Amino acid sequence: MSVTPIQPPIPKLKREAIVSALKKGARVDGRGFEDFRPITIELNPIPRRSNGSALVKLGNTSILVGVKISVERPFPDRPSEGVLQVHAEFVPLASPSFEPGPPDENAVEVARVIDRCLRESKSIDLGELVIVPGKYSWSIYNDIYLLDHDGNVTDASTLASMAALNVARLPKLVSVENDQVKIDYGTMDKQLPVKLNVVTVTLVKIGGYILLDPNLDEEILAEAKVTVGIDSGGRIVGIQKSGGGLSVSELNYAVDTAIKKSRELLTLLEKALKTV
Amino acid sequence: MSGRPTLIGEDGLRHDNRRPDELRSIKMEVGVLKNADGSALVEFGNTKVIAAVYGPREPPAKYMLSPEKAIVRCRYHMAPFSTAERKSPAPSRREIELSKVIREALESAIFTELFPRSAIDIFIEVLQADGGTRTAGLTAASLALADAGIPMRDLIAAVAVGKIDGVIVLDIDELEDEYGEADMPVGMMPSLNQVVLLQLNGVMTREEFDAAMNLAVKGIFEVYRLQKEALSKKYMLYIEE
């Protein structure tokens, strides 16, 4: 069951500072309405045990993604495809308001939104991940680990997932004989079939203003939030609105801004991937 | 796997003979349960959803209450017999997510500040699923809230639009969802021009998104008209008597 969250209170002074800055066209951290916080992408911070990993910092929000790959039986309704699964854990070390336990609705939502954007865009060609149809295929587990929460977990998580999937390597397939497969899990071999990159861009509405990349204070104050998934071809590959309502024209503005700003994230990602 | 079915025929009609901008046959009934403070049954074609509202009432635990407003608790749940293969009654990740987006949509309509220290509980059960269950559920929940006499800014009317064979269509069913290219559920407070639920599962160009949104708004106003009709069917009788 989904229950109204009791938000950590924001001091009235801080709230007023944020809103009055917006009225002057500014944000308290000095950004414009359409600016991201500083972004860093570190590739393969977990080189020994994960098949691919990435650490993304979006301002003070820090996301670690680890990809694990193994051979499993494909789903019966998709016998000639590999499996991609996206999960998110909001571990208690990331925020004073997190408790240990199974993923809550916020973690489930982030994972499912990113899962849909990757799946629908066909970013990864799952058809190339089958080994023996109906029997063996590669299963890709993309696990999102939130380490430090300062808002806009979704965009940082999508960026980290995309980076980790791009650097991930399949374990070495030693042999396929008589429907038996032999895998050398200790040796990294081919790259994943990543066909195109996907990013998400999140905007919030506060006091009638639409802002890009909300920090945690802005997220708590937000009346509404919308995340738009965009692929490297400029197509819309997913949308998730959460919180309160937005008018159709506000949504159109958000989608246009997301398409425009997605180029920055994609360029940053491509630049980071060139270093490997 | 068997081949992909034809979704749009040469005559431009869909597999169930609907035009791209045509809704399925919609039925709505308000006040269908005795125990609940408000309830509604909504059908979009073969999709059948029932919603009940309890409250405003005391929250089950003290720590949950807010001194400023009512908390809203919402569960979207599918009956085990509602789907092609039996669905485990345990809440799935999908149901967890949908409960959240539906709760947020309803919460933006309810004047929660009128009921501090209380809870408003909304339970949605999908009885038969044939696409568009979250939008039918949201439509039913909004009717159930109205039936419970809970003050709202507006009713919420919802419908899913989609893209199938490159054509933007209204009120997609399960077959169209499964084989189509995109599914976009939209919920609105129509008189206030507020989109309170929006998800896109699939790929669209910017222009297609515009077309889909326009078609959704058109469908939503029709659902809205039917909602008001269903409410007046129950309540206008009292007024006339």
# chains A, B, ... in the order shown; residues from 1 in each chain; ligands from 1
>>> residues_around(residues="Met188 (chain B)", least_positions_apart="5", cutoff="6 Å", atoms="only C-alpha atoms", output="ChimeraX atom specification")
/B:156-157,194-196
>>> closest_atom_pairs(of="chain A", to="chain B", cutoff="6 Å", atoms="only C-alpha atoms", output="JSON lines")
{"residue": "A:Met1", "atom": "CA", "partner": "B:Arg75", "partner_atom": "CA", "distance": 4.6}
{"residue": "A:Ser2", "atom": "CA", "partner": "B:Cys74", "partner_atom": "CA", "distance": 5.2}
{"residue": "A:Val3", "atom": "CA", "partner": "B:Arg73", "partner_atom": "CA", "distance": 4.4}
{"residue": "A:Thr4", "atom": "CA", "partner": "B:Ile71", "partner_atom": "CA", "distance": 5.3}
{"residue": "A:Glu105", "atom": "CA", "partner": "B:Ile96", "partner_atom": "CA", "distance": 5.9}
{"residue": "A:Glu109", "atom": "CA", "partner": "B:Glu97", "partner_atom": "CA", "distance": 5.4}
{"residue": "A:Glu120", "atom": "CA", "partner": "B:Gly202", "partner_atom": "CA", "distance": 5.1}
{"residue": "A:Arg235", "atom": "CA", "partner": "B:Thr205", "partner_atom": "CA", "distance": 5.1}
{"residue": "A:Ile236", "atom": "CA", "partner": "B:Met204", "partner_atom": "CA", "distance": 5.2}
{"residue": "A:Val237", "atom": "CA", "partner": "B:Val203", "partner_atom": "CA", "distance": 4.4}
{"residue": "A:Gly238", "atom": "CA", "partner": "B:Leu200", "partner_atom": "CA", "distance": 4.8}
{"residue": "A:Ile239", "atom": "CA", "partner": "B:Leu200", "partner_atom": "CA", "distance": 4.5}
{"residue": "A:Gln240", "atom": "CA", "partner": "B:Gln199", "partner_atom": "CA", "distance": 4.6}
{"residue": "A:Lys241", "atom": "CA", "partner": "B:Leu198", "partner_atom": "CA", "distance": 5.3}
{"residue": "A:Gly243", "atom": "CA", "partner": "B:Glu104", "partner_atom": "CA", "distance": 5.3}
{"residue": "A:Gly244", "atom": "CA", "partner": "B:Ser108", "partner_atom": "CA", "distance": 5.2}
{"residue": "A:Gly245", "atom": "CA", "partner": "B:Val196", "partner_atom": "CA", "distance": 4.2}
{"residue": "A:Leu246", "atom": "CA", "partner": "B:Val195", "partner_atom": "CA", "distance": 5.2}
{"residue": "A:Ser247", "atom": "CA", "partner": "B:Gln194", "partner_atom": "CA", "distance": 4.6}
>>> write_last_selection(atoms="N, CA, C and O atoms", output="PDB file, in the first residue's frame")
ATOM      1  N   MET A   1       0.844  -1.196   0.000  1.00  0.00           N
ATOM      2  CA  MET A   1       0.000   0.000   0.000  1.00  0.00           C
ATOM      3  C   MET A   1       0.878   1.245   0.000  1.00  0.00           C
ATOM      4  O   MET A   1       1.905   1.281   0.656  1.00  0.00           O
ATOM      5  N   SER A   2       0.476   2.222  -0.745  1.00  0.00           N
ATOM      6  CA  SER A   2       1.244   3.470  -0.807  1.00  0.00           C
ATOM      7  C   SER A   2       0.645   4.484   0.158  1.00  0.00           C
ATOM      8  O   SER A   2      -0.557   4.721   0.144  1.00  0.00           O
ATOM      9  N   VAL A   3       1.480   5.055   1.015  1.00  0.00           N
ATOM     10  CA  VAL A   3       1.016   5.986   2.039  1.00  0.00           C
ATOM     11  C   VAL A   3       1.708   7.333   1.874  1.00  0.00           C
ATOM     12  O   VAL A   3       2.903   7.380   1.569  1.00  0.00           O
ATOM     13  N   THR A   4       0.947   8.427   2.082  1.00  0.00           N
ATOM     14  CA  THR A   4       1.531   9.764   2.057  1.00  0.00           C
ATOM     15  C   THR A   4       2.797   9.795   2.897  1.00  0.00           C
ATOM     16  O   THR A   4       2.751   9.493   4.092  1.00  0.00           O
ATOM     17  N   GLU A 105       8.634   2.026  -2.238  1.00  0.00           N
ATOM     18  CA  GLU A 105       8.012   2.408  -3.509  1.00  0.00           C
ATOM     19  C   GLU A 105       8.888   3.369  -4.318  1.00  0.00           C
ATOM     20  O   GLU A 105       8.853   3.348  -5.548  1.00  0.00           O
ATOM     21  N   GLU A 109      10.115   2.491  -7.984  1.00  0.00           N
ATOM     22  CA  GLU A 109       9.745   3.389  -9.082  1.00  0.00           C
ATOM     23  C   GLU A 109      10.972   3.753  -9.920  1.00  0.00           C
ATOM     24  O   GLU A 109      10.946   3.654 -11.151  1.00  0.00           O
ATOM     25  N   GLU A 120      12.419  -0.202 -23.735  1.00  0.00           N
ATOM     26  CA  GLU A 120      11.609   0.300 -24.849  1.00  0.00           C
ATOM     27  C   GLU A 120      12.471   0.889 -25.960  1.00  0.00           C
ATOM     28  O   GLU A 120      12.120   0.819 -27.123  1.00  0.00           O
ATOM     29  N   ARG A 235      14.707  10.622 -29.490  1.00  0.00           N
ATOM     30  CA  ARG A 235      13.335  10.160 -29.293  1.00  0.00           C
ATOM     31  C   ARG A 235      12.979  10.147 -27.799  1.00  0.00           C
ATOM     32  O   ARG A 235      13.863   9.984 -26.948  1.00  0.00           O
ATOM     33  N   ILE A 236      11.686  10.255 -27.501  1.00  0.00           N
ATOM     34  CA  ILE A 236      11.213  10.121 -26.125  1.00  0.00           C
ATOM     35  C   ILE A 236      11.036   8.624 -25.869  1.00  0.00           C
ATOM     36  O   ILE A 236      10.304   7.955 -26.592  1.00  0.00           O
ATOM     37  N   VAL A 237      11.729   8.080 -24.871  1.00  0.00           N
ATOM     38  CA  VAL A 237      11.668   6.631 -24.633  1.00  0.00           C
ATOM     39  C   VAL A 237      11.026   6.281 -23.291  1.00  0.00           C
ATOM     40  O   VAL A 237      11.059   5.128 -22.865  1.00  0.00           O
ATOM     41  N   GLY A 238      10.441   7.278 -22.631  1.00  0.00           N
ATOM     42  CA  GLY A 238       9.760   7.014 -21.370  1.00  0.00           C
ATOM     43  C   GLY A 238       9.442   8.317 -20.679  1.00  0.00           C
ATOM     44  O   GLY A 238      10.160   9.309 -20.861  1.00  0.00           O
ATOM     45  N   ILE A 239       8.325   8.311 -19.940  1.00  0.00           N
ATOM     46  CA  ILE A 239       7.964   9.482 -19.133  1.00  0.00           C
ATOM     47  C   ILE A 239       7.402   8.970 -17.826  1.00  0.00           C
ATOM     48  O   ILE A 239       6.694   7.955 -17.801  1.00  0.00           O
ATOM     49  N   GLN A 240       7.714   9.626 -16.739  1.00  0.00           N
ATOM     50  CA  GLN A 240       7.087   9.328 -15.468  1.00  0.00           C
ATOM     51  C   GLN A 240       6.834  10.639 -14.747  1.00  0.00           C
ATOM     52  O   GLN A 240       7.756  11.368 -14.422  1.00  0.00           O
ATOM     53  N   LYS A 241       5.563  10.940 -14.522  1.00  0.00           N
ATOM     54  CA  LYS A 241       5.223  12.096 -13.709  1.00  0.00           C
ATOM     55  C   LYS A 241       4.952  11.606 -12.301  1.00  0.00           C
ATOM     56  O   LYS A 241       4.335  10.561 -12.129  1.00  0.00           O
ATOM     57  N   GLY A 243       4.192  13.048  -7.967  1.00  0.00           N
ATOM     58  CA  GLY A 243       3.747  14.203  -7.194  1.00  0.00           C
ATOM     59  C   GLY A 243       2.450  14.759  -7.756  1.00  0.00           C
ATOM     60  O   GLY A 243       1.628  14.011  -8.286  1.00  0.00           O
ATOM     61  N   GLY A 244       2.291  16.078  -7.681  1.00  0.00           N
ATOM     62  CA  GLY A 244       1.024  16.704  -8.047  1.00  0.00           C
ATOM     63  C   GLY A 244       0.869  16.947  -9.536  1.00  0.00           C
ATOM     64  O   GLY A 244       1.592  16.379 -10.353  1.00  0.00           O
ATOM     65  N   GLY A 245      -0.068  17.815  -9.873  1.00  0.00           N
ATOM     66  CA  GLY A 245      -0.443  18.014 -11.262  1.00  0.00           C
ATOM     67  C   GLY A 245       0.395  19.050 -11.995  1.00  0.00           C
ATOM     68  O   GLY A 245       1.007  19.932 -11.398  1.00  0.00           O
ATOM     69  N   LEU A 246       0.399  18.919 -13.327  1.00  0.00           N
ATOM     70  CA  LEU A 246       1.044  19.889 -14.210  1.00  0.00           C
ATOM     71  C   LEU A 246       0.066  20.161 -15.346  1.00  0.00           C
ATOM     72  O   LEU A 246      -0.663  19.256 -15.757  1.00  0.00           O
ATOM     73  N   SER A 247       0.069  21.389 -15.863  1.00  0.00           N
ATOM     74  CA  SER A 247      -0.800  21.657 -17.013  1.00  0.00           C
ATOM     75  C   SER A 247      -0.162  21.058 -18.255  1.00  0.00           C
ATOM     76  O   SER A 247       1.029  20.723 -18.268  1.00  0.00           O
TER      77      SER A 247
END
>>> select_by_dssp(residues="region 86-167 of chain A", states="alpha helix (DSSP H)", output="VMD selection string")
chain A and resid 105 to 120 153 to 167
>>> write_last_selection(atoms="N, CA and C atoms", output="PDB file, in the first residue's frame")
ATOM      1  N   GLU A 105       8.634   2.026  -2.238  1.00  0.00           N
ATOM      2  CA  GLU A 105       8.012   2.408  -3.509  1.00  0.00           C
ATOM      3  C   GLU A 105       8.888   3.369  -4.318  1.00  0.00           C
ATOM      4  N   ASN A 106       9.690   4.180  -3.624  1.00  0.00           N
ATOM      5  CA  ASN A 106      10.538   5.115  -4.369  1.00  0.00           C
ATOM      6  C   ASN A 106      11.644   4.392  -5.123  1.00  0.00           C
ATOM      7  N   ALA A 107      12.247   3.393  -4.455  1.00  0.00           N
ATOM      8  CA  ALA A 107      13.308   2.610  -5.101  1.00  0.00           C
ATOM      9  C   ALA A 107      12.731   1.778  -6.242  1.00  0.00           C
ATOM     10  N   VAL A 108      11.567   1.195  -6.004  1.00  0.00           N
ATOM     11  CA  VAL A 108      10.918   0.395  -7.046  1.00  0.00           C
ATOM     12  C   VAL A 108      10.603   1.278  -8.257  1.00  0.00           C
ATOM     13  N   GLU A 109      10.115   2.491  -7.984  1.00  0.00           N
ATOM     14  CA  GLU A 109       9.745   3.389  -9.082  1.00  0.00           C
ATOM     15  C   GLU A 109      10.972   3.753  -9.920  1.00  0.00           C
ATOM     16  N   VAL A 110      12.065   4.148  -9.263  1.00  0.00           N
ATOM     17  CA  VAL A 110      13.285   4.524  -9.998  1.00  0.00           C
ATOM     18  C   VAL A 110      13.746   3.368 -10.872  1.00  0.00           C
ATOM     19  N   ALA A 111      13.791   2.160 -10.292  1.00  0.00           N
ATOM     20  CA  ALA A 111      14.278   0.997 -11.037  1.00  0.00           C
ATOM     21  C   ALA A 111      13.374   0.706 -12.231  1.00  0.00           C
ATOM     22  N   ARG A 112      12.081   0.794 -12.019  1.00  0.00           N
ATOM     23  CA  ARG A 112      11.152   0.452 -13.105  1.00  0.00           C
ATOM     24  C   ARG A 112      11.152   1.501 -14.217  1.00  0.00           C
ATOM     25  N   VAL A 113      11.308   2.767 -13.850  1.00  0.00           N
ATOM     26  CA  VAL A 113      11.353   3.818 -14.873  1.00  0.00           C
ATOM     27  C   VAL A 113      12.592   3.621 -15.756  1.00  0.00           C
ATOM     28  N   ILE A 114      13.740   3.343 -15.127  1.00  0.00           N
ATOM     29  CA  ILE A 114      14.972   3.147 -15.895  1.00  0.00           C
ATOM     30  C   ILE A 114      14.878   1.858 -16.714  1.00  0.00           C
ATOM     31  N   ASP A 115      14.338   0.824 -16.121  1.00  0.00           N
ATOM     32  CA  ASP A 115      14.129  -0.442 -16.825  1.00  0.00           C
ATOM     33  C   ASP A 115      13.322  -0.213 -18.107  1.00  0.00           C
ATOM     34  N   ARG A 116      12.226   0.542 -17.979  1.00  0.00           N
ATOM     35  CA  ARG A 116      11.367   0.782 -19.146  1.00  0.00           C
ATOM     36  C   ARG A 116      12.097   1.578 -20.222  1.00  0.00           C
ATOM     37  N   CYS A 117      12.849   2.612 -19.795  1.00  0.00           N
ATOM     38  CA  CYS A 117      13.565   3.438 -20.779  1.00  0.00           C
ATOM     39  C   CYS A 117      14.580   2.594 -21.549  1.00  0.00           C
ATOM     40  N   LEU A 118      15.309   1.710 -20.854  1.00  0.00           N
ATOM     41  CA  LEU A 118      16.318   0.865 -21.509  1.00  0.00           C
ATOM     42  C   LEU A 118      15.636  -0.152 -22.427  1.00  0.00           C
ATOM     43  N   ARG A 119      14.571  -0.743 -21.922  1.00  0.00           N
ATOM     44  CA  ARG A 119      13.873  -1.801 -22.643  1.00  0.00           C
ATOM     45  C   ARG A 119      13.188  -1.265 -23.902  1.00  0.00           C
ATOM     46  N   GLU A 120      12.419  -0.202 -23.735  1.00  0.00           N
ATOM     47  CA  GLU A 120      11.609   0.300 -24.849  1.00  0.00           C
ATOM     48  C   GLU A 120      12.471   0.889 -25.960  1.00  0.00           C
ATOM     49  N   VAL A 153      17.705  11.298  -7.904  1.00  0.00           N
ATOM     50  CA  VAL A 153      18.340   9.975  -7.953  1.00  0.00           C
ATOM     51  C   VAL A 153      18.170   9.355  -9.337  1.00  0.00           C
ATOM     52  N   THR A 154      17.030   9.631  -9.968  1.00  0.00           N
ATOM     53  CA  THR A 154      16.736   8.976 -11.249  1.00  0.00           C
ATOM     54  C   THR A 154      17.770   9.307 -12.327  1.00  0.00           C
ATOM     55  N   ASP A 155      18.035  10.604 -12.526  1.00  0.00           N
ATOM     56  CA  ASP A 155      18.939  10.970 -13.624  1.00  0.00           C
ATOM     57  C   ASP A 155      20.348  10.444 -13.377  1.00  0.00           C
ATOM     58  N   ALA A 156      20.801  10.530 -12.127  1.00  0.00           N
ATOM     59  CA  ALA A 156      22.136  10.021 -11.796  1.00  0.00           C
ATOM     60  C   ALA A 156      22.180   8.507 -11.998  1.00  0.00           C
ATOM     61  N   SER A 157      21.091   7.833 -11.640  1.00  0.00           N
ATOM     62  CA  SER A 157      21.046   6.373 -11.763  1.00  0.00           C
ATOM     63  C   SER A 157      21.032   5.935 -13.227  1.00  0.00           C
ATOM     64  N   THR A 158      20.298   6.649 -14.070  1.00  0.00           N
ATOM     65  CA  THR A 158      20.263   6.291 -15.491  1.00  0.00           C
ATOM     66  C   THR A 158      21.655   6.470 -16.097  1.00  0.00           C
ATOM     67  N   LEU A 159      22.289   7.580 -15.759  1.00  0.00           N
ATOM     68  CA  LEU A 159      23.625   7.860 -16.284  1.00  0.00           C
ATOM     69  C   LEU A 159      24.617   6.782 -15.836  1.00  0.00           C
ATOM     70  N   ALA A 160      24.545   6.428 -14.548  1.00  0.00           N
ATOM     71  CA  ALA A 160      25.462   5.409 -14.014  1.00  0.00           C
ATOM     72  C   ALA A 160      25.177   4.049 -14.637  1.00  0.00           C
ATOM     73  N   SER A 161      23.894   3.725 -14.824  1.00  0.00           N
ATOM     74  CA  SER A 161      23.532   2.445 -15.435  1.00  0.00           C
ATOM     75  C   SER A 161      24.069   2.361 -16.858  1.00  0.00           C
ATOM     76  N   MET A 162      23.845   3.444 -17.607  1.00  0.00           N
ATOM     77  CA  MET A 162      24.279   3.464 -19.005  1.00  0.00           C
ATOM     78  C   MET A 162      25.792   3.339 -19.098  1.00  0.00           C
ATOM     79  N   ALA A 163      26.501   4.031 -18.209  1.00  0.00           N
ATOM     80  CA  ALA A 163      27.966   3.961 -18.211  1.00  0.00           C
ATOM     81  C   ALA A 163      28.425   2.547 -17.868  1.00  0.00           C
ATOM     82  N   ALA A 164      27.819   1.952 -16.845  1.00  0.00           N
ATOM     83  CA  ALA A 164      28.221   0.606 -16.416  1.00  0.00           C
ATOM     84  C   ALA A 164      27.925  -0.428 -17.505  1.00  0.00           C
ATOM     85  N   LEU A 165      26.772  -0.298 -18.163  1.00  0.00           N
ATOM     86  CA  LEU A 165      26.417  -1.258 -19.216  1.00  0.00           C
ATOM     87  C   LEU A 165      27.372  -1.135 -20.411  1.00  0.00           C
ATOM     88  N   ASN A 166      27.814   0.102 -20.672  1.00  0.00           N
ATOM     89  CA  ASN A 166      28.743   0.312 -21.784  1.00  0.00           C
ATOM     90  C   ASN A 166      30.116  -0.311 -21.533  1.00  0.00           C
ATOM     91  N   VAL A 167      30.548  -0.316 -20.281  1.00  0.00           N
ATOM     92  CA  VAL A 167      31.885  -0.871 -20.001  1.00  0.00           C
ATOM     93  C   VAL A 167      31.819  -2.339 -19.601  1.00  0.00           C
TER      94      VAL A 167
END
>>> closest_residue(among="A:Thr275, A:Ser249, A:Asn152, A:Ser139", to="Asn44 (chain A)", atoms="only C-alpha atoms")
A:Thr275
>>> residues_around(residues="Asp256 (chain A)", least_positions_apart="5", cutoff="10 Å", atoms="only C-alpha atoms", output="ChimeraX atom specification")
/A:228,250-251,261-262 /B:206
>>> closest_residue(among="A:Phe36, A:Trp138, A:Tyr185, A:Tyr145", to="Val201 (chain A)", atoms="only C-alpha atoms")
A:Phe36
>>> residues_around(residues="region 83-90 of chain B", least_positions_apart="4", cutoff="10 Å", atoms="only C-alpha atoms", output="PyMOL selection string")
chain B and resi 77-79+95+126-130
>>> residues_around(residues="region 232-237 of chain B", least_positions_apart="2", cutoff="12 Å", atoms="only C-alpha atoms", output="list of chain:residue names")
B:Met28, B:Glu29, B:Val30, B:Gly31, B:Val32, B:Gly38, B:Ser39, B:Ala40, B:Leu143, B:Ala146, B:Asp147, B:Ala148, B:Gly149, B:Arg225, B:Leu226, B:Gln227, B:Lys228, B:Glu229, B:Ala230, B:Ile239, B:Glu240, B:Glu241
>>> write_last_selection(atoms="N, CA, C and O atoms", output="PDB file, in the first residue's frame")
ATOM      1  N   MET B  28     -20.150   2.672 -15.797  1.00  0.00           N
ATOM      2  CA  MET B  28     -19.761   3.150 -14.468  1.00  0.00           C
ATOM      3  C   MET B  28     -20.965   3.058 -13.543  1.00  0.00           C
ATOM      4  O   MET B  28     -22.074   3.411 -13.932  1.00  0.00           O
ATOM      5  N   GLU B  29     -20.695   2.591 -12.321  1.00  0.00           N
ATOM      6  CA  GLU B  29     -21.771   2.576 -11.328  1.00  0.00           C
ATOM      7  C   GLU B  29     -21.193   3.012  -9.988  1.00  0.00           C
ATOM      8  O   GLU B  29     -20.127   2.551  -9.580  1.00  0.00           O
ATOM      9  N   VAL B  30     -21.924   3.871  -9.313  1.00  0.00           N
ATOM     10  CA  VAL B  30     -21.440   4.424  -8.039  1.00  0.00           C
ATOM     11  C   VAL B  30     -22.238   3.816  -6.891  1.00  0.00           C
ATOM     12  O   VAL B  30     -23.433   3.562  -7.036  1.00  0.00           O
ATOM     13  N   GLY B  31     -21.550   3.589  -5.750  1.00  0.00           N
ATOM     14  CA  GLY B  31     -22.256   3.074  -4.570  1.00  0.00           C
ATOM     15  C   GLY B  31     -22.575   1.607  -4.678  1.00  0.00           C
ATOM     16  O   GLY B  31     -23.713   1.186  -4.471  1.00  0.00           O
ATOM     17  N   VAL B  32     -21.577   0.785  -5.020  1.00  0.00           N
ATOM     18  CA  VAL B  32     -21.830  -0.632  -5.273  1.00  0.00           C
ATOM     19  C   VAL B  32     -21.543  -1.515  -4.061  1.00  0.00           C
ATOM     20  O   VAL B  32     -21.826  -2.712  -4.094  1.00  0.00           O
ATOM     21  N   GLY B  38     -17.552   4.973   0.301  1.00  0.00           N
ATOM     22  CA  GLY B  38     -17.820   5.302  -1.099  1.00  0.00           C
ATOM     23  C   GLY B  38     -17.286   4.182  -1.961  1.00  0.00           C
ATOM     24  O   GLY B  38     -16.297   3.540  -1.605  1.00  0.00           O
ATOM     25  N   SER B  39     -17.919   3.936  -3.090  1.00  0.00           N
ATOM     26  CA  SER B  39     -17.438   2.857  -3.952  1.00  0.00           C
ATOM     27  C   SER B  39     -17.889   3.099  -5.387  1.00  0.00           C
ATOM     28  O   SER B  39     -18.807   3.876  -5.639  1.00  0.00           O
ATOM     29  N   ALA B  40     -17.208   2.428  -6.302  1.00  0.00           N
ATOM     30  CA  ALA B  40     -17.580   2.537  -7.715  1.00  0.00           C
ATOM     31  C   ALA B  40     -17.048   1.347  -8.486  1.00  0.00           C
ATOM     32  O   ALA B  40     -15.996   0.790  -8.156  1.00  0.00           O
ATOM     33  N   LEU B 143     -14.382   8.412  -8.451  1.00  0.00           N
ATOM     34  CA  LEU B 143     -15.838   8.309  -8.251  1.00  0.00           C
ATOM     35  C   LEU B 143     -16.152   7.856  -6.824  1.00  0.00           C
ATOM     36  O   LEU B 143     -17.085   8.359  -6.190  1.00  0.00           O
ATOM     37  N   ALA B 146     -15.796  10.705  -4.460  1.00  0.00           N
ATOM     38  CA  ALA B 146     -16.952  11.597  -4.570  1.00  0.00           C
ATOM     39  C   ALA B 146     -18.149  10.972  -3.856  1.00  0.00           C
ATOM     40  O   ALA B 146     -18.880  11.649  -3.129  1.00  0.00           O
ATOM     41  N   ASP B 147     -18.310   9.660  -4.024  1.00  0.00           N
ATOM     42  CA  ASP B 147     -19.414   8.933  -3.388  1.00  0.00           C
ATOM     43  C   ASP B 147     -19.288   8.981  -1.865  1.00  0.00           C
ATOM     44  O   ASP B 147     -20.278   9.022  -1.140  1.00  0.00           O
ATOM     45  N   ALA B 148     -18.034   8.996  -1.367  1.00  0.00           N
ATOM     46  CA  ALA B 148     -17.803   9.071   0.075  1.00  0.00           C
ATOM     47  C   ALA B 148     -17.973  10.498   0.593  1.00  0.00           C
ATOM     48  O   ALA B 148     -17.855  10.746   1.793  1.00  0.00           O
ATOM     49  N   GLY B 149     -18.231  11.426  -0.292  1.00  0.00           N
ATOM     50  CA  GLY B 149     -18.443  12.819   0.113  1.00  0.00           C
ATOM     51  C   GLY B 149     -17.170  13.542   0.493  1.00  0.00           C
ATOM     52  O   GLY B 149     -17.193  14.513   1.243  1.00  0.00           O
ATOM     53  N   ARG B 225     -17.438  13.109 -18.606  1.00  0.00           N
ATOM     54  CA  ARG B 225     -18.894  13.271 -18.794  1.00  0.00           C
ATOM     55  C   ARG B 225     -19.628  12.034 -18.249  1.00  0.00           C
ATOM     56  O   ARG B 225     -20.625  12.150 -17.551  1.00  0.00           O
ATOM     57  N   LEU B 226     -19.070  10.849 -18.522  1.00  0.00           N
ATOM     58  CA  LEU B 226     -19.697   9.612 -18.040  1.00  0.00           C
ATOM     59  C   LEU B 226     -19.637   9.520 -16.511  1.00  0.00           C
ATOM     60  O   LEU B 226     -20.549   9.008 -15.869  1.00  0.00           O
ATOM     61  N   GLN B 227     -18.540  10.023 -15.927  1.00  0.00           N
ATOM     62  CA  GLN B 227     -18.421  10.022 -14.457  1.00  0.00           C
ATOM     63  C   GLN B 227     -19.542  10.863 -13.835  1.00  0.00           C
ATOM     64  O   GLN B 227     -20.183  10.460 -12.869  1.00  0.00           O
ATOM     65  N   LYS B 228     -19.746  12.048 -14.395  1.00  0.00           N
ATOM     66  CA  LYS B 228     -20.768  12.940 -13.841  1.00  0.00           C
ATOM     67  C   LYS B 228     -22.159  12.330 -14.016  1.00  0.00           C
ATOM     68  O   LYS B 228     -23.010  12.444 -13.136  1.00  0.00           O
ATOM     69  N   GLU B 229     -22.329  11.645 -15.141  1.00  0.00           N
ATOM     70  CA  GLU B 229     -23.595  10.970 -15.406  1.00  0.00           C
ATOM     71  C   GLU B 229     -23.842   9.869 -14.351  1.00  0.00           C
ATOM     72  O   GLU B 229     -24.938   9.743 -13.810  1.00  0.00           O
ATOM     73  N   ALA B 230     -22.782   9.091 -14.046  1.00  0.00           N
ATOM     74  CA  ALA B 230     -22.909   8.003 -13.066  1.00  0.00           C
ATOM     75  C   ALA B 230     -23.217   8.551 -11.680  1.00  0.00           C
ATOM     76  O   ALA B 230     -24.022   7.979 -10.933  1.00  0.00           O
ATOM     77  N   ILE B 239     -32.306  14.040  -4.979  1.00  0.00           N
ATOM     78  CA  ILE B 239     -32.698  15.440  -5.086  1.00  0.00           C
ATOM     79  C   ILE B 239     -34.119  15.545  -5.633  1.00  0.00           C
ATOM     80  O   ILE B 239     -34.933  16.328  -5.163  1.00  0.00           O
ATOM     81  N   GLU B 240     -34.416  14.704  -6.613  1.00  0.00           N
ATOM     82  CA  GLU B 240     -35.737  14.763  -7.229  1.00  0.00           C
ATOM     83  C   GLU B 240     -36.836  14.312  -6.269  1.00  0.00           C
ATOM     84  O   GLU B 240     -37.957  14.792  -6.326  1.00  0.00           O
ATOM     85  N   GLU B 241     -36.469  13.360  -5.370  1.00  0.00           N
ATOM     86  CA  GLU B 241     -37.526  12.803  -4.526  1.00  0.00           C
ATOM     87  C   GLU B 241     -38.049  13.783  -3.493  1.00  0.00           C
ATOM     88  O   GLU B 241     -37.464  14.356  -2.716  1.00  0.00           O
TER      89      GLU B 241
END
>>> residues_around(residues="region 67-75 of chain A", least_positions_apart="4", cutoff="7 Å", atoms="only C-alpha atoms", output="PyMOL selection string")
chain A and resi 50-53+79+81-83+134-143+164-165+168+170
>>> write_last_selection(atoms="C-alpha atoms", output="short mmCIF file (atom, residue, chain, number, x, y, z; two decimals), in the first residue's frame")
data_model
loop_
_atom_site.label_atom_id
_atom_site.label_comp_id
_atom_site.auth_asym_id
_atom_site.auth_seq_id
_atom_site.Cartn_x
_atom_site.Cartn_y
_atom_site.Cartn_z
CA SER A 50 31.43 -6.81 -11.17
CA ASN A 51 31.23 -7.26 -14.94
CA GLY A 52 30.95 -3.52 -15.29
CA SER A 53 30.40 -0.63 -12.93
CA PRO A 79 13.10 -17.97 -25.70
CA GLU A 81 16.32 -13.21 -25.88
CA GLY A 82 18.63 -12.50 -23.01
CA VAL A 83 17.29 -11.04 -19.78
CA GLY A 134 14.98 -21.67 -24.95
CA LYS A 135 17.85 -23.05 -22.89
CA TYR A 136 20.67 -20.63 -22.27
CA SER A 137 21.00 -16.89 -22.50
CA TRP A 138 22.89 -14.11 -20.77
CA SER A 139 21.08 -12.48 -17.85
CA ILE A 140 22.18 -8.92 -17.16
CA TYR A 141 21.55 -7.59 -13.67
CA ASN A 142 21.89 -3.83 -13.40
CA ASP A 143 21.92 -2.98 -9.68
CA ALA A 164 28.22 0.61 -16.42
CA LEU A 165 26.42 -1.26 -19.22
CA ALA A 168 30.47 -4.25 -18.93
CA LEU A 170 30.43 -10.80 -20.70
#
